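Participant: Supplied structure: input-v8.cif, mmCIF, C-alpha atoms and all ligand atoms.
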data_data
loop_
_atom_site.label_atom_id
_atom_site.label_comp_id
_atom_site.auth_asym_id
_atom_site.auth_seq_id
_atom_site.Cartn_x
_atom_site.Cartn_y
_atom_site.Cartn_z
CA MET A 1 0.00 0.00 0.00
CA THR A 2 1.77 3.16 1.11
CA ASP A 3 5.29 3.45 2.31
CA ALA A 4 5.87 4.48 5.89
CA ALA A 5 7.65 7.75 6.36
CA GLU A 6 11.09 7.43 4.83
CA SER A 7 12.68 7.14 8.19
CA SER A 8 10.97 6.60 11.48
CA VAL A 9 7.37 6.11 12.51
CA PHE A 10 8.40 8.32 15.43
CA PRO A 11 10.20 11.16 13.65
CA ASP A 12 11.16 12.95 16.85
CA ARG A 13 12.80 9.92 18.42
CA THR A 14 15.61 10.65 20.84
CA LEU A 15 17.47 7.88 19.03
CA PHE A 16 18.92 10.61 16.89
CA LEU A 17 20.06 12.80 19.74
CA PRO A 18 23.16 10.80 20.31
CA PHE A 19 25.38 12.97 22.34
CA VAL A 20 23.28 13.36 25.45
CA LEU A 21 24.64 10.69 27.72
CA LYS A 22 22.35 9.73 30.53
CA GLU A 23 23.37 7.97 33.68
CA GLY A 24 23.98 4.36 32.78
CA GLN A 25 23.77 4.96 29.03
CA ILE A 26 25.94 2.51 27.23
CA SER A 27 25.72 3.54 23.64
CA GLU A 28 26.45 6.62 21.64
CA LEU A 29 24.73 7.40 18.38
CA ILE A 30 26.18 9.14 15.41
CA GLY A 31 23.91 9.62 12.40
CA ASN A 32 22.61 6.23 11.41
CA SER A 33 24.86 4.17 13.59
CA PHE A 34 25.99 3.82 17.14
CA ARG A 35 28.80 2.48 19.19
CA ILE A 36 28.63 0.82 22.55
CA LEU A 37 30.42 2.83 25.18
CA PRO A 38 32.75 1.25 27.65
CA PHE A 39 31.20 1.01 31.07
CA PRO A 40 32.89 -0.04 34.23
CA GLU A 41 30.55 -2.57 35.81
CA PRO A 42 29.86 -5.44 35.69
CA GLU A 43 32.69 -7.51 34.29
CA CYS A 44 30.43 -8.99 31.62
CA ALA A 45 29.83 -5.58 30.15
CA LYS A 46 33.43 -4.67 29.40
CA ILE A 47 34.16 -3.73 25.86
CA ASN A 48 37.08 -4.81 23.79
CA SER A 49 38.32 -1.35 22.89
CA ARG A 50 40.22 -2.57 19.83
CA GLU A 51 36.98 -3.53 18.24
CA ARG A 52 34.96 -0.46 19.07
CA GLY A 53 33.15 0.76 16.02
CA PHE A 54 29.89 2.22 14.79
CA PHE A 55 26.95 0.23 13.58
CA MET A 56 23.18 -0.19 13.76
CA ILE A 57 21.20 -3.27 14.64
CA TYR A 58 18.22 -3.84 12.36
CA THR A 59 15.57 -6.31 13.43
CA CYS A 60 13.13 -7.46 10.80
CA THR A 61 9.74 -8.97 11.64
CA LEU A 62 7.83 -9.77 8.46
CA ASN A 63 4.71 -10.85 10.36
CA PRO A 64 4.60 -8.86 13.62
CA SER A 65 1.79 -9.39 16.09
CA LEU A 66 -0.28 -7.66 18.66
CA ASP A 67 0.16 -10.17 21.47
CA TYR A 68 -3.01 -10.44 23.54
CA TYR A 69 -2.21 -12.03 26.89
CA MET A 70 -5.09 -13.59 28.81
CA GLU A 71 -4.54 -14.93 32.28
CA PHE A 72 -6.86 -17.50 33.85
CA ASP A 73 -6.93 -19.14 37.24
CA LYS A 74 -8.13 -22.29 35.53
CA VAL A 75 -8.65 -23.19 31.88
CA GLU A 76 -11.11 -25.89 30.84
CA LEU A 77 -11.27 -26.83 27.19
CA GLY A 78 -14.76 -26.94 25.71
CA LYS A 79 -16.14 -24.58 28.41
CA THR A 80 -16.53 -20.81 28.76
CA ASN A 81 -13.46 -19.55 30.62
CA ARG A 82 -13.30 -16.09 32.17
CA SER A 83 -9.97 -14.34 32.43
CA SER A 84 -8.59 -12.74 35.57
CA LEU A 85 -6.31 -10.34 33.68
CA GLU A 86 -5.63 -9.35 30.09
CA TYR A 87 -3.17 -7.01 28.42
CA TYR A 88 -1.53 -6.31 25.06
CA GLU A 89 2.09 -6.15 24.02
CA ALA A 90 3.69 -5.34 20.69
CA GLY A 91 5.14 -8.67 19.60
CA GLY A 92 6.71 -10.76 16.92
CA LYS A 93 10.15 -12.27 17.28
CA GLY A 94 12.19 -9.42 15.79
CA ILE A 95 10.20 -6.85 17.77
CA ASN A 96 11.00 -8.78 20.96
CA VAL A 97 14.70 -8.73 20.07
CA SER A 98 14.42 -4.94 19.76
CA ILE A 99 12.60 -4.73 23.11
CA VAL A 100 15.34 -6.60 24.96
CA LEU A 101 17.99 -4.49 23.22
CA ASN A 102 16.01 -1.45 24.35
CA ASN A 103 16.07 -2.73 27.92
CA LEU A 104 19.83 -2.96 27.59
CA MET A 105 19.82 0.63 26.29
CA ILE A 106 20.97 -0.50 22.88
CA PRO A 107 19.32 1.24 19.93
CA SER A 108 17.82 -0.76 17.11
CA ARG A 109 15.69 -0.12 14.09
CA ALA A 110 12.67 -2.35 13.76
CA LEU A 111 11.68 -3.19 10.21
CA GLY A 112 8.40 -4.93 9.47
CA PHE A 113 5.04 -4.84 7.72
CA VAL A 114 2.21 -3.35 9.77
CA GLY A 115 -1.29 -2.31 8.76
CA GLY A 116 -5.04 -2.39 9.19
CA PHE A 117 -7.09 -1.62 12.28
CA THR A 118 -4.40 -2.93 14.63
CA LYS A 119 -1.61 -0.78 13.18
CA ASP A 120 -1.93 2.40 15.25
CA PHE A 121 -2.39 0.56 18.51
CA PHE A 122 0.57 -1.68 17.72
CA ILE A 123 2.75 1.36 17.01
CA SER A 124 1.52 3.14 20.14
CA LEU A 125 2.67 0.20 22.26
CA LEU A 126 6.20 0.67 20.97
CA GLN A 127 6.29 4.30 21.95
CA LYS A 128 7.48 3.53 25.47
CA TYR A 129 10.69 1.99 24.14
CA GLU A 130 13.08 4.87 23.84
CA TYR A 131 15.77 2.96 21.98
CA ILE A 132 13.59 1.40 19.30
CA GLU A 133 13.08 3.21 16.08
CA PRO A 134 10.26 1.57 14.11
CA VAL A 135 10.84 1.79 10.38
CA PHE A 136 7.71 0.05 9.21
CA THR A 137 6.27 -0.51 5.79
CA PHE A 138 2.54 0.09 5.93
CA ILE A 139 0.31 -2.49 4.32
CA GLU A 140 -3.39 -2.88 3.59
CA GLY A 141 -4.05 -6.01 5.70
CA HIS A 142 -4.35 -6.14 9.50
CA THR A 143 -1.37 -6.79 11.72
CA ARG A 144 -2.29 -10.12 13.31
CA ILE A 145 -3.41 -10.65 16.90
CA ASN A 146 -1.74 -13.60 18.64
CA VAL A 147 -3.42 -14.87 21.78
CA LYS A 148 -1.23 -16.02 24.67
CA VAL A 149 -3.16 -17.99 27.26
CA LYS A 150 -1.66 -18.25 30.72
CA GLY A 151 -3.51 -20.45 33.15
CA ASP A 152 -3.15 -23.35 35.49
CA LEU A 153 -2.14 -25.53 32.52
CA LEU A 154 0.89 -25.01 30.32
CA GLU A 155 1.05 -21.67 28.52
CA THR A 156 -0.73 -21.91 25.19
CA GLU A 157 -0.12 -19.70 22.18
CA LEU A 158 -2.62 -19.16 19.38
CA ASN A 159 -0.71 -17.51 16.56
CA ALA A 160 -2.61 -16.08 13.61
CA LYS A 161 -1.63 -16.49 9.96
CA GLY A 162 -1.31 -12.77 9.32
CA PRO A 163 -2.00 -10.46 6.39
CA SER A 164 -0.96 -10.86 2.79
CA ILE A 165 1.84 -8.75 1.43
CA THR A 166 1.85 -7.27 -2.07
CA GLU A 167 4.73 -7.08 -4.54
CA GLU A 168 4.89 -3.33 -3.94
CA ASP A 169 5.17 -3.86 -0.16
CA MET A 170 8.03 -6.25 -0.81
CA ARG A 171 9.86 -3.79 -3.04
CA MET A 172 9.54 -1.21 -0.27
CA MET A 173 11.09 -3.58 2.24
CA LEU A 174 13.98 -4.36 -0.09
CA ARG A 175 14.69 -0.66 -0.48
CA ARG A 176 15.08 -0.41 3.28
CA VAL A 177 17.41 -3.38 3.49
CA GLU A 178 19.47 -2.03 0.61
CA ARG A 179 20.49 0.86 2.86
CA LEU A 180 22.24 -1.24 5.48
CA ASN A 181 25.95 -0.62 5.79
CA ARG A 182 28.95 -2.73 6.49
CA SER A 183 29.19 -3.45 10.27
CA ASP A 184 25.41 -3.21 10.70
CA ILE A 185 23.69 -6.35 11.95
CA PHE A 186 20.45 -7.66 10.46
CA VAL A 187 18.26 -9.95 12.58
CA LEU A 188 15.50 -11.70 10.65
CA SER A 189 13.15 -13.33 13.14
CA GLY A 190 9.75 -14.93 13.08
CA ASN A 191 7.45 -16.90 10.92
CA CYS A 192 7.74 -16.12 7.24
CA PRO A 193 4.59 -16.58 5.12
CA ASP A 194 5.15 -18.77 2.02
CA ASN A 195 4.90 -15.96 -0.47
CA LEU A 196 7.71 -14.06 1.24
CA VAL A 197 10.36 -16.72 0.84
CA ASP A 198 11.85 -15.09 -2.27
CA LEU A 199 11.78 -11.71 -0.54
CA THR A 200 13.75 -13.04 2.42
CA GLU A 201 16.31 -14.61 0.12
CA LYS A 202 16.76 -11.28 -1.67
CA MET A 203 17.13 -9.48 1.67
CA ILE A 204 19.86 -11.87 2.70
CA GLN A 205 21.59 -11.48 -0.66
CA LEU A 206 21.57 -7.70 -0.10
CA CYS A 207 23.14 -8.23 3.32
CA ILE A 208 25.90 -10.24 1.73
CA GLU A 209 26.50 -7.65 -0.99
CA ASN A 210 26.81 -4.98 1.71
CA ASP A 211 28.92 -7.11 4.03
CA VAL A 212 26.26 -7.07 6.76
CA LYS A 213 26.28 -9.88 9.34
CA PHE A 214 22.87 -11.50 9.65
CA VAL A 215 21.04 -13.66 12.18
CA LEU A 216 18.23 -16.05 11.24
CA ASP A 217 15.51 -17.23 13.59
CA VAL A 218 13.01 -18.40 11.01
CA ASN A 219 10.89 -21.44 10.19
CA HIS A 220 12.74 -24.56 9.14
CA GLU A 221 11.98 -24.52 5.38
CA LEU A 222 13.40 -21.04 5.11
CA LEU A 223 16.34 -21.80 7.37
CA LEU A 224 17.33 -24.78 5.24
CA ARG A 225 17.17 -22.63 2.14
CA LEU A 226 19.21 -19.78 3.63
CA LEU A 227 21.96 -21.65 5.47
CA LYS A 228 24.16 -21.57 2.38
CA TYR A 229 24.48 -17.78 2.81
CA LYS A 230 26.43 -18.40 6.03
CA PRO A 231 24.35 -16.71 8.76
CA PHE A 232 26.27 -15.46 11.78
CA LEU A 233 23.76 -17.09 14.13
CA VAL A 234 20.80 -19.45 13.84
CA ARG A 235 18.49 -20.83 16.53
CA PRO A 236 16.49 -23.81 15.29
CA ASN A 237 14.34 -25.68 17.79
CA ILE A 238 14.25 -29.46 18.04
CA GLU A 239 11.12 -29.80 15.87
CA ASP A 240 12.75 -27.63 13.19
CA LEU A 241 15.82 -29.85 13.16
CA GLU A 242 13.78 -33.05 13.04
CA THR A 243 11.90 -31.79 10.01
CA MET A 244 14.94 -30.29 8.32
CA PHE A 245 16.97 -33.47 8.51
CA ASP A 246 14.10 -35.96 8.62
CA GLU A 247 15.29 -37.62 11.80
CA VAL A 248 14.07 -38.11 15.35
CA ILE A 249 16.07 -36.32 18.03
CA ALA A 250 15.78 -38.19 21.29
CA ASP A 251 18.89 -37.16 23.21
CA GLN A 252 21.63 -34.58 23.46
CA LYS A 253 23.99 -36.51 21.22
CA GLN A 254 21.46 -36.53 18.39
CA LEU A 255 20.74 -32.87 19.01
CA ILE A 256 24.42 -32.00 18.71
CA HIS A 257 24.64 -34.05 15.54
CA ALA A 258 21.75 -32.09 13.98
CA GLY A 259 23.23 -28.78 15.19
CA ARG A 260 26.53 -29.70 13.57
CA ARG A 261 24.74 -30.32 10.30
CA CYS A 262 23.45 -26.73 10.42
CA ALA A 263 27.01 -25.57 10.97
CA GLU A 264 28.29 -27.72 8.09
CA LEU A 265 25.61 -26.25 5.85
CA GLY A 266 26.87 -22.74 6.62
CA ALA A 267 25.80 -21.42 10.04
CA GLU A 268 28.68 -19.78 11.89
CA ASN A 269 27.03 -20.23 15.31
CA VAL A 270 24.13 -22.52 16.18
CA ILE A 271 22.23 -22.10 19.45
CA LEU A 272 20.08 -24.98 20.64
CA MET A 273 17.81 -24.38 23.63
CA MET A 274 17.05 -27.33 25.90
CA GLY A 275 14.82 -25.80 28.59
CA LYS A 276 15.82 -26.82 32.10
CA ASP A 277 18.88 -28.62 30.66
CA GLY A 278 20.34 -25.33 29.52
CA SER A 279 21.50 -24.68 25.99
CA LEU A 280 24.21 -25.57 23.49
CA LEU A 281 26.35 -23.49 21.19
CA ILE A 282 27.91 -25.21 18.20
CA ASN A 283 30.49 -23.59 15.96
CA GLN A 284 33.72 -24.52 14.24
CA ASP A 285 35.62 -24.38 17.55
CA GLY A 286 33.45 -27.02 19.18
CA VAL A 287 30.35 -27.56 21.26
CA TYR A 288 29.63 -25.54 24.41
CA HIS A 289 27.05 -26.05 27.11
CA ALA A 290 25.46 -23.42 29.36
CA ASN A 291 23.43 -24.41 32.41
CA SER A 292 19.97 -23.15 33.22
CA ILE A 293 18.91 -22.18 36.74
CA ASP A 294 16.53 -23.86 39.07
CA ALA A 295 13.47 -21.63 39.26
CA GLU A 296 9.89 -21.64 38.09
CA VAL A 297 9.41 -20.57 34.46
CA VAL A 298 6.83 -17.80 34.47
CA ASN A 299 7.03 -16.74 30.85
CA SER A 300 8.02 -18.76 27.82
CA VAL A 301 7.11 -16.06 25.29
CA GLY A 302 10.21 -14.29 24.02
CA ALA A 303 12.94 -16.24 25.87
CA ALA A 304 14.58 -17.28 22.59
CA ASP A 305 14.27 -13.75 21.19
CA SER A 306 15.97 -12.48 24.33
CA MET A 307 18.84 -14.90 23.78
CA ILE A 308 19.34 -13.53 20.31
CA ALA A 309 19.30 -9.95 21.58
CA GLY A 310 21.89 -10.85 24.21
CA PHE A 311 24.06 -12.69 21.73
CA VAL A 312 24.12 -9.82 19.25
CA MET A 313 24.64 -7.19 21.94
CA ASN A 314 27.46 -8.95 23.74
CA TYR A 315 29.18 -10.01 20.53
CA LEU A 316 29.26 -6.40 19.39
CA ARG A 317 30.91 -5.27 22.58
CA SER A 318 33.26 -8.16 23.24
CA ARG A 319 33.73 -10.16 19.99
CA ASP A 320 34.22 -13.05 22.36
CA ILE A 321 31.89 -15.93 21.56
CA ILE A 322 32.05 -17.65 24.95
CA THR A 323 31.08 -14.65 27.07
CA THR A 324 28.58 -13.81 24.37
CA PHE A 325 26.95 -17.21 24.73
CA LYS A 326 26.94 -16.78 28.49
CA TYR A 327 25.34 -13.36 28.26
CA ALA A 328 22.76 -14.65 25.74
CA ASN A 329 21.75 -17.31 28.26
CA CYS A 330 21.36 -14.69 30.98
CA CYS A 331 18.98 -12.80 28.69
CA GLY A 332 16.93 -15.89 27.77
CA ILE A 333 16.68 -17.03 31.37
CA ALA A 334 15.87 -13.52 32.61
CA THR A 335 12.85 -13.44 30.32
CA ALA A 336 11.76 -16.97 31.17
CA PHE A 337 11.78 -16.12 34.86
CA SER A 338 10.20 -12.66 34.65
CA LYS A 339 6.83 -11.32 33.79
CA GLY A 340 7.50 -9.58 30.49
CA MET A 341 10.82 -9.22 28.73
CA ALA A 342 14.19 -9.35 30.47
CA THR A 343 15.41 -6.20 32.16
CA ARG A 344 19.06 -5.24 32.31
CA GLU A 345 19.11 -5.61 36.12
CA LYS A 346 17.70 -9.13 35.97
CA ILE A 347 20.06 -10.12 33.15
CA GLU A 348 23.14 -8.92 34.93
CA SER A 349 22.08 -10.44 38.25
CA LEU A 350 22.24 -13.85 36.59
CA TYR A 351 25.72 -13.50 35.13
CA ASP A 352 27.56 -15.35 37.89
CA GLU A 353 25.06 -18.18 37.89
CA ILE A 354 25.69 -19.25 34.31
CA LEU A 355 28.65 -21.43 33.53
CA VAL A 356 29.77 -22.22 29.99
CA THR A 357 31.75 -25.42 29.53
CA LYS A 358 33.22 -26.98 26.43
CA ILE A 359 31.87 -30.43 25.76
CA ASP A 360 34.61 -32.99 25.30
CA GLU A 361 34.27 -34.21 21.72
CA ASN A 362 35.47 -37.72 22.58
CA GLU A 363 33.15 -38.06 25.51
CA GLU A 364 30.25 -36.82 23.46
CA ALA A 365 31.03 -38.98 20.38
O1 LIG B 1 4.33 -16.86 14.52
P1 LIG B 1 5.78 -16.61 14.83
O2 LIG B 1 6.33 -15.46 14.05
O3 LIG B 1 6.62 -17.83 14.76
O4 LIG B 1 5.84 -16.20 16.37
C1 LIG B 1 5.20 -15.04 16.82
C2 LIG B 1 5.32 -14.98 18.32
O5 LIG B 1 4.71 -16.08 18.99
O6 LIG B 1 6.69 -14.98 18.66
C3 LIG B 1 6.95 -14.10 19.73
C4 LIG B 1 7.64 -14.85 20.83
O7 LIG B 1 8.84 -15.40 20.37
C5 LIG B 1 5.61 -13.49 20.12
O8 LIG B 1 5.76 -12.15 20.48
C6 LIG B 1 4.77 -13.68 18.90
O9 LIG B 1 3.39 -13.71 19.13
#
The structure in this file should be written as structure tokens.
Facilitator:
Amino acid sequence: MTDAAESSVFPDRTLFLPFVLKEGQISELIGNSFRILPFPEPECAKINSRERGFFMIYTCTLNPSLDYYMEFDKVELGKTNRSSLEYYEAGGKGINVSIVLNNLMIPSRALGFVGGFTKDFFISLLQKYEYIEPVFTFIEGHTRINVKVKGDLLETELNAKGPSITEEDMRMMLRRVERLNRSDIFVLSGNCPDNLVDLTEKMIQLCIENDVKFVLDVNHELLLRLLKYKPFLVRPNIEDLETMFDEVIADQKQLIHAGRRCAELGAENVILMMGKDGSLLINQDGVYHANSIDAEVVNSVGAADSMIAGFVMNYLRSRDIITTFKYANCCGIATAFSKGMATREKIESLYDEILVTKIDENEEA
């Protein structure tokens, strides 16, 4: 339909007032990019000064969602259930990555298609995030509403299919991605409708032409197709891997085997989440394990997105994959054990509780 304003949906965003450093601010913006500032505490936040540079993180959510949370004391299928609390959040996997980056005071630009009767409300929900600049492409169809049911049973998510996207909308999105610069990071997250597969491939090709590192957290068909472009980070879940490689994954050894196949097909870093058993990182240096912590999971929505935010953020400041993996786990766990998305305080309070160990290849074989 129509293009969003050339730049931001919030034209007066403070994102572009880079030189006012607030207490605790950890990034400095210059024009279209930023650098993470050194900050003294905690240890995990130290920056490798050799690598300090300027960049922008772009998250891209092709099918964002207005997440409608409904809480119930008890849910009975086949009966009328009455909620005890309900609220809305702007959602979609890439949007959640931007929200956690925001909580870490890291600016990002959120790309995505939004439209219809839900559009203005969706955008208004993002207004509270000072470090997110939405750069949306407006479409005719309605931004979907995903229902998240929290009750006495397991959390249940009802995710809608979402609107259709026209060729013109796609061209608009490509024009935005074309503008990314070397050292920027592009995070493509969330379900990709079938007719957008070619679009995503073109976006990734543009990233490669412009020497932009990219992260993929997408459905398995798309992941399999895009691995050859050598993503910096991927995060398939077990079901994705089982479908991708047509095999059953029953234990950690089989999971590692499938993760290695992703790496062989091109992924630089593969994160595999295993719930209470922690998570794995697989790359050309080996296989690493990070523990989880023993506490009650209160929120499973967005934990994986938080891990990606933490991975990207810590990699940019340290270029050290092991502390980056550790920090990513703090972010994922902080969201899983909080109501809402991880806060910086919660993330950093977990840092000493997470231990990353290299898995002995012989033992594991
Ligand atoms: O339908 P998709 O794109 O796979 O997932 C969408 C979604 O479930 O993912 C986020 C949590 O990761 C939610 O904010 C959102 O509703």
Participant: Which residues, protein or nucleic acid, reach to within 7 Å of (18.9, -16.2, 12.3) in the file's coordinates when using all atoms listed in the file, and can you give that as a PyMOL selection string?
Facilitator: chain A and resi 187-189+214-218+231+233-235
Participant: For the residues in the current selection, export C-alpha atoms as a CSV table (one decimal), in the coordinates of the input.
Facilitator:
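Once written, result_14.csv looks like this:
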chain,number,residue,atom,x,y,z
A,187,VAL,CA,18.3,-10.0,12.6
A,188,LEU,CA,15.5,-11.7,10.6
A,189,SER,CA,13.2,-13.3,13.1
A,214,PHE,CA,22.9,-11.5,9.6
A,215,VAL,CA,21.0,-13.7,12.2
A,216,LEU,CA,18.2,-16.0,11.2
A,217,ASP,CA,15.5,-17.2,13.6
A,218,VAL,CA,13.0,-18.4,11.0
A,231,PRO,CA,24.4,-16.7,8.8
A,233,LEU,CA,23.8,-17.1,14.1
A,234,VAL,CA,20.8,-19.4,13.8
A,235,ARG,CA,18.5,-20.8,16.5
Participant: How close does segment 183-293 of chain A get to segment 340-352 of chain A? List, as a Markdown table, each residue of segment 183-293 of chain A within 12 Å, its nearest atom pair and the distance in Å to one decimal, counting only C-alpha atoms.
Facilitator:
| residue | atom | partner | partner_atom | distance |
| --- | --- | --- | --- | --- |
| A:Ala290 | CA | A:Tyr351 | CA | 11.5 |
| A:Asn291 | CA | A:Asp352 | CA | 11.4 |
| A:Ser292 | CA | A:Leu350 | CA | 10.1 |
| A:Ile293 | CA | A:Leu350 | CA | 9.0 |
Participant: Counting all atoms listed in the file, what residues are within 10 Å of ligand LIG 1 (chain B), given as a PyMOL selection string?
Facilitator: chain A and resi 61-69+89-97+144-148+157-162+189-193+217-219+300-306
Participant: Those same residues, written as a PDB file, in the coordinates of the input with C-alpha atoms?
Facilitator:
ATOM      1  CA  THR A  61       9.740  -8.970  11.640  1.00  0.00           C
ATOM      2  CA  LEU A  62       7.830  -9.770   8.460  1.00  0.00           C
ATOM      3  CA  ASN A  63       4.710 -10.850  10.360  1.00  0.00           C
ATOM      4  CA  PRO A  64       4.600  -8.860  13.620  1.00  0.00           C
ATOM      5  CA  SER A  65       1.790  -9.390  16.090  1.00  0.00           C
ATOM      6  CA  LEU A  66      -0.280  -7.660  18.660  1.00  0.00           C
ATOM      7  CA  ASP A  67       0.160 -10.170  21.470  1.00  0.00           C
ATOM      8  CA  TYR A  68      -3.010 -10.440  23.540  1.00  0.00           C
ATOM      9  CA  TYR A  69      -2.210 -12.030  26.890  1.00  0.00           C
ATOM     10  CA  GLU A  89       2.090  -6.150  24.020  1.00  0.00           C
ATOM     11  CA  ALA A  90       3.690  -5.340  20.690  1.00  0.00           C
ATOM     12  CA  GLY A  91       5.140  -8.670  19.600  1.00  0.00           C
ATOM     13  CA  GLY A  92       6.710 -10.760  16.920  1.00  0.00           C
ATOM     14  CA  LYS A  93      10.150 -12.270  17.280  1.00  0.00           C
ATOM     15  CA  GLY A  94      12.190  -9.420  15.790  1.00  0.00           C
ATOM     16  CA  ILE A  95      10.200  -6.850  17.770  1.00  0.00           C
ATOM     17  CA  ASN A  96      11.000  -8.780  20.960  1.00  0.00           C
ATOM     18  CA  VAL A  97      14.700  -8.730  20.070  1.00  0.00           C
ATOM     19  CA  ARG A 144      -2.290 -10.120  13.310  1.00  0.00           C
ATOM     20  CA  ILE A 145      -3.410 -10.650  16.900  1.00  0.00           C
ATOM     21  CA  ASN A 146      -1.740 -13.600  18.640  1.00  0.00           C
ATOM     22  CA  VAL A 147      -3.420 -14.870  21.780  1.00  0.00           C
ATOM     23  CA  LYS A 148      -1.230 -16.020  24.670  1.00  0.00           C
ATOM     24  CA  GLU A 157      -0.120 -19.700  22.180  1.00  0.00           C
ATOM     25  CA  LEU A 158      -2.620 -19.160  19.380  1.00  0.00           C
ATOM     26  CA  ASN A 159      -0.710 -17.510  16.560  1.00  0.00           C
ATOM     27  CA  ALA A 160      -2.610 -16.080  13.610  1.00  0.00           C
ATOM     28  CA  LYS A 161      -1.630 -16.490   9.960  1.00  0.00           C
ATOM     29  CA  GLY A 162      -1.310 -12.770   9.320  1.00  0.00           C
ATOM     30  CA  SER A 189      13.150 -13.330  13.140  1.00  0.00           C
ATOM     31  CA  GLY A 190       9.750 -14.930  13.080  1.00  0.00           C
ATOM     32  CA  ASN A 191       7.450 -16.900  10.920  1.00  0.00           C
ATOM     33  CA  CYS A 192       7.740 -16.120   7.240  1.00  0.00           C
ATOM     34  CA  PRO A 193       4.590 -16.580   5.120  1.00  0.00           C
ATOM     35  CA  ASP A 217      15.510 -17.230  13.590  1.00  0.00           C
ATOM     36  CA  VAL A 218      13.010 -18.400  11.010  1.00  0.00           C
ATOM     37  CA  ASN A 219      10.890 -21.440  10.190  1.00  0.00           C
ATOM     38  CA  SER A 300       8.020 -18.760  27.820  1.00  0.00           C
ATOM     39  CA  VAL A 301       7.110 -16.060  25.290  1.00  0.00           C
ATOM     40  CA  GLY A 302      10.210 -14.290  24.020  1.00  0.00           C
ATOM     41  CA  ALA A 303      12.940 -16.240  25.870  1.00  0.00           C
ATOM     42  CA  ALA A 304      14.580 -17.280  22.590  1.00  0.00           C
ATOM     43  CA  ASP A 305      14.270 -13.750  21.190  1.00  0.00           C
ATOM     44  CA  SER A 306      15.970 -12.480  24.330  1.00  0.00           C
TER      45      SER A 306
END
Participant: Just want the 12 Å neighbourhood of Phe245 of chain A, counted on all atoms listed in the file, with same-chain residues fewer than 3 positions away dropped. Output as a list in words.
Facilitator: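 Those residues are His220, Glu221, Leu223, Leu224, Pro236, Ile238, Glu239, Asp240, Leu241, Glu242, Val248, Ile249, Gln254, Leu255, His257, Ala258, Gly259, Arg260, Arg261, Cys262 and Leu265 of chain A.
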Participant: Hey, which of A:Phe117, A:Phe122, A:Tyr288, A:Phe232 ends up closest to Glu268 of chain A? Count all atoms listed in the file.
Facilitator: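 Of all the options, A:Phe232 lies closest to Glu268 of chain A.
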Participant: Once 8 Å is added on each side, what are the centre and the three edge lengths, in Å to one decimal, of the axis-aligned box enclosing the listed atoms of segment 299-306 of chain A? Present them as lines of an AutoDock Vina configuration file.
Facilitator:
center_x = 11.5
center_y = -15.6
center_z = 26.0
size_x = 24.9
size_y = 22.3
size_z = 25.7
Participant: Interatomic distance between atom CA of Gly116 of chain A and atom CA of Ile165 of chain A?
Facilitator: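 Distance between the two atoms: 12.2 Å.
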Participant: Find the spatial neighbours of Met170 of chain A, counting all atoms listed in the file, within a cut-off of 7 Å - ignore same-chain residues fewer than 4 positions away - and output them as an MDAnalysis selection string.
Facilitator: chainID A and resid 166 174 199
Participant: Do you know which residues are at most 8 Å from Asn314 of chain A counting all atoms listed in the file, after dropping those on the same chain fewer than 2 positions away, and could you put them as a VMD selection string?
Facilitator: chain A and resid 45 310 to 312 316 to 319 323 to 324 327 to 328
Participant: When you count all atoms listed in the file, which of these residues is closest to Ser84 of chain A: A:Asn210, A:Thr143, A:Gly151, A:Ile132?
Facilitator: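 Closest to Ser84 of chain A, using all atoms listed in the file: A:Gly151.
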Participant: Using only C-alpha atoms, pick whichever of A:Glu209, A:Asp360, A:Asp246, A:Asp320 has the shortest atom-to-atom distance to Gly286 of chain A.
Facilitator: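 Result for the nearest residue to Gly286 of chain A: A:Asp360.
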Participant: As an exercise, work out the distance from atom CA of Tyr229 of chain A to atom CA of Val212 of chain A in Å and give it to one decimal place.
Facilitator: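 Those two atoms sit 11.6 Å apart.
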Participant: Nearest to Met203 of chain A among A:Met244, A:Val297, A:Ile308, A:Cys60, with distances taken over only C-alpha atoms: which residue is it?
Facilitator: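 With only C-alpha atoms as the atom set, the closest residue is A:Cys60.
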Participant: Would you mind telling me which residue in A:Met56, A:Ile139, A:Ala263, A:Ile282 lies nearest to Leu101 of chain A when using all atoms listed in the file?
Facilitator: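 Of all the options, A:Met56 lies closest to Leu101 of chain A.
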Participant: Please, what distance in Å, to one decimal, runs between atom CA of Val9 of chain A and atom CA of Leu206 of chain A?
Facilitator: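 Atom CA of Leu206 of chain A lies at a distance of 23.5 Å from atom CA of Val9 of chain A.
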Participant: What's the 6 Å shell around Val287 of chain A, counting all atoms listed in the file, without same-chain residues fewer than 6 positions away, as a list in words?
Facilitator: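 Here the answer would be Leu281, Lys358 and Ile359 of chain A.
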Participant: With only C-alpha atoms as the atoms that count, which of A:Gly278, A:Ser124, A:Phe55, A:Leu222 lies nearest to Gly332 of chain A?
Facilitator: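 Once distances to Gly332 of chain A are computed over only C-alpha atoms, the minimum belongs to A:Gly278.
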